[in-house]
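Undergrad: Have a look at the structure that comes next, please.
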Amino acid sequence: EIDLPKPPKRVRIAFVGASTTYCAEVSSDAAVWTQGVVDSLQRAFPQTSFDFINAGVPGYSVKSSLQHFQHYV
């Protein structure tokens, strides 16, 4: 869950893509690569608050990912 609206001074990252971003095959939300990126950023910048949106959709192309991002993210 993410806070809406985004709290001040929080960095929010949106990951867009297809099935490799969506990561349906992983065992938990904590195991997706997008979570690993945010965890690495948090370790590198402990004074900064991060959260993220995984906007990956299986089967999407670059064009459909861009449209998804522009409309929803």
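Ordering of the structure tokens sets the chain letters (A, B, ...), residue numbers begin anew at 1 in every chain, and ligands are numbered from 1 in the order given.
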Excluding same-chain residues fewer than 2 positions from segment 19-21 of chain A, what lies within 9 Å of it counting only C-alpha atoms, as a count of residues only?
TA: 15
Undergrad: If we count only C-alpha atoms, what is near segment 35-42 of chain A at a cut-off of 10 Å, once residues fewer than 2 positions away on the same chain are taken out, given as a PDB file with C-alpha atoms, in the first residue's frame?
TA:
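In the end it all went to around-v3.pdb:
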ATOM      1  CA  ARG A  12       8.094   7.740  -5.182  1.00  0.00           C
ATOM      2  CA  ILE A  13       9.341   5.579  -8.052  1.00  0.00           C
ATOM      3  CA  ASP A  29       5.991  -8.968  -3.034  1.00  0.00           C
ATOM      4  CA  ALA A  30       9.257  -8.687  -1.108  1.00  0.00           C
ATOM      5  CA  ALA A  31      10.985 -10.896  -3.699  1.00  0.00           C
ATOM      6  CA  VAL A  32      10.335  -8.775  -6.800  1.00  0.00           C
ATOM      7  CA  TRP A  33      13.315  -6.954  -8.306  1.00  0.00           C
ATOM      8  CA  ALA A  44      22.319   4.162   0.152  1.00  0.00           C
ATOM      9  CA  PHE A  45      20.174   7.109   1.279  1.00  0.00           C
ATOM     10  CA  PRO A  46      18.915   6.276   4.789  1.00  0.00           C
ATOM     11  CA  GLN A  47      17.741   9.851   5.414  1.00  0.00           C
ATOM     12  CA  THR A  48      15.308   9.614   2.474  1.00  0.00           C
ATOM     13  CA  SER A  49      11.901   7.958   2.489  1.00  0.00           C
ATOM     14  CA  PHE A  50      11.085   5.828  -0.584  1.00  0.00           C
ATOM     15  CA  ASP A  51       8.105   3.954  -1.915  1.00  0.00           C
ATOM     16  CA  PHE A  52       7.205   2.601  -5.321  1.00  0.00           C
ATOM     17  CA  ILE A  53       4.511   1.603  -7.737  1.00  0.00           C
ATOM     18  CA  ASN A  54       4.972  -1.592  -9.719  1.00  0.00           C
TER      19      ASN A  54
END
Undergrad: So, with only C-alpha atoms as the atoms that count, which of A:Arg43, A:Ser27, A:Ala14, A:Asp3 lies closest to Gln70 of chain A?
TA: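 Smallest distance to Gln70 of chain A is found for A:Ala14.
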Undergrad: Out of A:Lys6, A:Ala18, A:Ser28, A:Glu1, which residue has the shortest atom-to-atom distance to Val62 of chain A when counting only C-alpha atoms?
TA: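 Comparing A:Lys6, A:Ala18, A:Ser28, A:Glu1 against Val62 of chain A, the winner is A:Ala18.
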Undergrad: Could you go through chain A and tell me which residues DSSP, when run on the backbone, assigns to helix (DSSP H, G or I), listing them as an mmCIF file with N, CA and C atoms, in the first residue's frame?
TA:
data_model
loop_
_atom_site.group_PDB
_atom_site.id
_atom_site.type_symbol
_atom_site.label_atom_id
_atom_site.label_comp_id
_atom_site.auth_asym_id
_atom_site.auth_seq_id
_atom_site.Cartn_x
_atom_site.Cartn_y
_atom_site.Cartn_z
ATOM 1 N N SER A 19 5.972 -8.441 -18.296
ATOM 2 C CA SER A 19 5.971 -9.530 -17.311
ATOM 3 C C SER A 19 7.215 -9.548 -16.430
ATOM 4 N N THR A 20 8.365 -9.123 -16.949
ATOM 5 C CA THR A 20 9.574 -9.131 -16.124
ATOM 6 C C THR A 20 9.525 -8.065 -15.035
ATOM 7 N N THR A 21 8.708 -7.059 -15.219
ATOM 8 C CA THR A 21 8.497 -6.058 -14.168
ATOM 9 C C THR A 21 7.390 -6.515 -13.225
ATOM 10 N N TYR A 22 6.358 -7.090 -13.774
ATOM 11 C CA TYR A 22 5.224 -7.579 -12.973
ATOM 12 C C TYR A 22 5.653 -8.693 -12.009
ATOM 13 N N ASP A 29 5.706 -10.330 -2.575
ATOM 14 C CA ASP A 29 5.991 -8.968 -3.034
ATOM 15 C C ASP A 29 7.407 -8.538 -2.663
ATOM 16 N N ALA A 30 7.909 -9.043 -1.554
ATOM 17 C CA ALA A 30 9.257 -8.687 -1.108
ATOM 18 C C ALA A 30 10.339 -9.265 -2.007
ATOM 19 N N ALA A 31 9.995 -10.237 -2.853
ATOM 20 C CA ALA A 31 10.985 -10.896 -3.699
ATOM 21 C C ALA A 31 11.096 -10.314 -5.104
ATOM 22 N N TRP A 33 12.101 -7.751 -8.124
ATOM 23 C CA TRP A 33 13.315 -6.954 -8.306
ATOM 24 C C TRP A 33 13.066 -5.476 -8.018
ATOM 25 N N THR A 34 11.854 -5.005 -8.234
ATOM 26 C CA THR A 34 11.558 -3.603 -7.954
ATOM 27 C C THR A 34 11.728 -3.286 -6.465
ATOM 28 N N GLN A 35 11.343 -4.217 -5.609
ATOM 29 C CA GLN A 35 11.541 -4.037 -4.164
ATOM 30 C C GLN A 35 13.027 -4.004 -3.845
ATOM 31 N N GLY A 36 13.811 -4.838 -4.528
ATOM 32 C CA GLY A 36 15.260 -4.837 -4.320
ATOM 33 C C GLY A 36 15.902 -3.514 -4.680
ATOM 34 N N VAL A 37 15.429 -2.891 -5.753
ATOM 35 C CA VAL A 37 15.951 -1.578 -6.138
ATOM 36 C C VAL A 37 15.659 -0.553 -5.051
ATOM 37 N N VAL A 38 14.435 -0.534 -4.568
ATOM 38 C CA VAL A 38 14.059 0.425 -3.531
ATOM 39 C C VAL A 38 14.812 0.142 -2.230
ATOM 40 N N ASP A 39 14.992 -1.119 -1.885
ATOM 41 C CA ASP A 39 15.769 -1.466 -0.688
ATOM 42 C C ASP A 39 17.211 -0.972 -0.810
ATOM 43 N N SER A 40 17.805 -1.126 -1.992
ATOM 44 C CA SER A 40 19.180 -0.649 -2.212
ATOM 45 C C SER A 40 19.263 0.871 -2.106
ATOM 46 N N LEU A 41 18.285 1.559 -2.663
ATOM 47 C CA LEU A 41 18.259 3.020 -2.540
ATOM 48 C C LEU A 41 18.107 3.442 -1.082
ATOM 49 N N GLN A 42 17.267 2.735 -0.329
ATOM 50 C CA GLN A 42 17.068 3.075 1.081
ATOM 51 C C GLN A 42 18.352 2.900 1.877
ATOM 52 N N ARG A 43 19.107 1.844 1.573
ATOM 53 C CA ARG A 43 20.388 1.645 2.255
ATOM 54 C C ARG A 43 21.393 2.728 1.876
ATOM 55 N N ALA A 44 21.381 3.143 0.618
ATOM 56 C CA ALA A 44 22.319 4.162 0.152
ATOM 57 C C ALA A 44 21.955 5.559 0.655
ATOM 58 N N VAL A 62 6.434 -1.696 -25.283
ATOM 59 C CA VAL A 62 6.917 -0.387 -24.858
ATOM 60 C C VAL A 62 5.814 0.659 -25.058
ATOM 61 N N LYS A 63 5.132 0.602 -26.198
ATOM 62 C CA LYS A 63 4.068 1.569 -26.481
ATOM 63 C C LYS A 63 2.929 1.467 -25.467
ATOM 64 N N SER A 64 2.474 0.255 -25.192
ATOM 65 C CA SER A 64 1.370 0.113 -24.240
ATOM 66 C C SER A 64 1.819 0.457 -22.822
ATOM 67 N N SER A 65 3.083 0.201 -22.485
ATOM 68 C CA SER A 65 3.606 0.599 -21.167
ATOM 69 C C SER A 65 3.611 2.111 -21.027
ATOM 70 N N LEU A 66 4.000 2.814 -22.089
ATOM 71 C CA LEU A 66 3.993 4.274 -22.053
ATOM 72 C C LEU A 66 2.574 4.803 -21.879
ATOM 73 N N GLN A 67 1.623 4.237 -22.607
ATOM 74 C CA GLN A 67 0.229 4.665 -22.473
ATOM 75 C C GLN A 67 -0.290 4.395 -21.059
ATOM 76 N N HIS A 68 0.048 3.246 -20.512
ATOM 77 C CA HIS A 68 -0.346 2.889 -19.145
ATOM 78 C C HIS A 68 0.231 3.897 -18.154
ATOM 79 N N PHE A 69 1.513 4.211 -18.318
ATOM 80 C CA PHE A 69 2.173 5.173 -17.441
ATOM 81 C C PHE A 69 1.498 6.547 -17.521
ATOM 82 N N GLN A 70 1.260 7.024 -18.745
ATOM 83 C CA GLN A 70 0.666 8.345 -18.914
ATOM 84 C C GLN A 70 -0.756 8.410 -18.332
ATOM 85 N N HIS A 71 -1.499 7.339 -18.447
ATOM 86 C CA HIS A 71 -2.884 7.346 -17.987
ATOM 87 C C HIS A 71 -3.031 7.089 -16.477
ATOM 88 N N TYR A 72 -2.269 6.122 -15.958
ATOM 89 C CA TYR A 72 -2.476 5.695 -14.575
ATOM 90 C C TYR A 72 -1.433 6.164 -13.588
#
Undergrad: According to DSSP computed on the backbone, where in chain A is there strand (DSSP E)? Give the residues as a PDB file with N, CA and C atoms, in the first residue's frame.
TA:
ATOM      1  N   ARG A  10       8.959  12.507   0.367  1.00  0.00           N
ATOM      2  CA  ARG A  10       9.094  11.087   0.013  1.00  0.00           C
ATOM      3  C   ARG A  10       9.384  10.982  -1.473  1.00  0.00           C
ATOM      4  N   VAL A  11      10.289  10.095  -1.820  1.00  0.00           N
ATOM      5  CA  VAL A  11      10.583   9.828  -3.220  1.00  0.00           C
ATOM      6  C   VAL A  11       9.752   8.624  -3.640  1.00  0.00           C
ATOM      7  N   ARG A  12       8.927   8.821  -4.662  1.00  0.00           N
ATOM      8  CA  ARG A  12       8.094   7.740  -5.182  1.00  0.00           C
ATOM      9  C   ARG A  12       8.607   7.371  -6.564  1.00  0.00           C
ATOM     10  N   ILE A  13       8.823   6.083  -6.787  1.00  0.00           N
ATOM     11  CA  ILE A  13       9.341   5.579  -8.052  1.00  0.00           C
ATOM     12  C   ILE A  13       8.276   4.708  -8.701  1.00  0.00           C
ATOM     13  N   ALA A  14       8.085   4.889  -9.999  1.00  0.00           N
ATOM     14  CA  ALA A  14       7.149   4.053 -10.753  1.00  0.00           C
ATOM     15  C   ALA A  14       7.957   3.176 -11.703  1.00  0.00           C
ATOM     16  N   PHE A  15       7.754   1.879 -11.617  1.00  0.00           N
ATOM     17  CA  PHE A  15       8.390   0.929 -12.522  1.00  0.00           C
ATOM     18  C   PHE A  15       7.343   0.492 -13.536  1.00  0.00           C
ATOM     19  N   VAL A  16       7.632   0.679 -14.818  1.00  0.00           N
ATOM     20  CA  VAL A  16       6.719   0.251 -15.871  1.00  0.00           C
ATOM     21  C   VAL A  16       7.396  -0.837 -16.694  1.00  0.00           C
ATOM     22  N   GLY A  17       6.605  -1.663 -17.306  1.00  0.00           N
ATOM     23  CA  GLY A  17       7.151  -2.722 -18.141  1.00  0.00           C
ATOM     24  C   GLY A  17       6.151  -3.838 -18.318  1.00  0.00           C
ATOM     25  N   SER A  49      13.007   8.904   2.466  1.00  0.00           N
ATOM     26  CA  SER A  49      11.901   7.958   2.489  1.00  0.00           C
ATOM     27  C   SER A  49      11.526   7.602   1.046  1.00  0.00           C
ATOM     28  N   PHE A  50      11.414   6.301   0.757  1.00  0.00           N
ATOM     29  CA  PHE A  50      11.085   5.828  -0.584  1.00  0.00           C
ATOM     30  C   PHE A  50       9.841   4.951  -0.552  1.00  0.00           C
ATOM     31  N   ASP A  51       9.091   4.986  -1.639  1.00  0.00           N
ATOM     32  CA  ASP A  51       8.105   3.954  -1.915  1.00  0.00           C
ATOM     33  C   ASP A  51       8.030   3.796  -3.426  1.00  0.00           C
ATOM     34  N   PHE A  52       7.231   2.825  -3.882  1.00  0.00           N
ATOM     35  CA  PHE A  52       7.205   2.601  -5.321  1.00  0.00           C
ATOM     36  C   PHE A  52       5.882   2.016  -5.771  1.00  0.00           C
ATOM     37  N   ILE A  53       5.660   2.185  -7.060  1.00  0.00           N
ATOM     38  CA  ILE A  53       4.511   1.603  -7.737  1.00  0.00           C
ATOM     39  C   ILE A  53       5.059   0.616  -8.758  1.00  0.00           C
ATOM     40  N   ASN A  54       4.616  -0.621  -8.689  1.00  0.00           N
ATOM     41  CA  ASN A  54       4.972  -1.592  -9.719  1.00  0.00           C
ATOM     42  C   ASN A  54       3.818  -1.595 -10.721  1.00  0.00           C
ATOM     43  N   ALA A  55       4.047  -0.915 -11.848  1.00  0.00           N
ATOM     44  CA  ALA A  55       3.014  -0.785 -12.874  1.00  0.00           C
ATOM     45  C   ALA A  55       3.265  -1.741 -14.036  1.00  0.00           C
ATOM     46  N   GLY A  56       3.968  -2.830 -13.774  1.00  0.00           N
ATOM     47  CA  GLY A  56       4.199  -3.826 -14.811  1.00  0.00           C
ATOM     48  C   GLY A  56       2.924  -4.590 -15.133  1.00  0.00           C
TER      49      GLY A  56
END
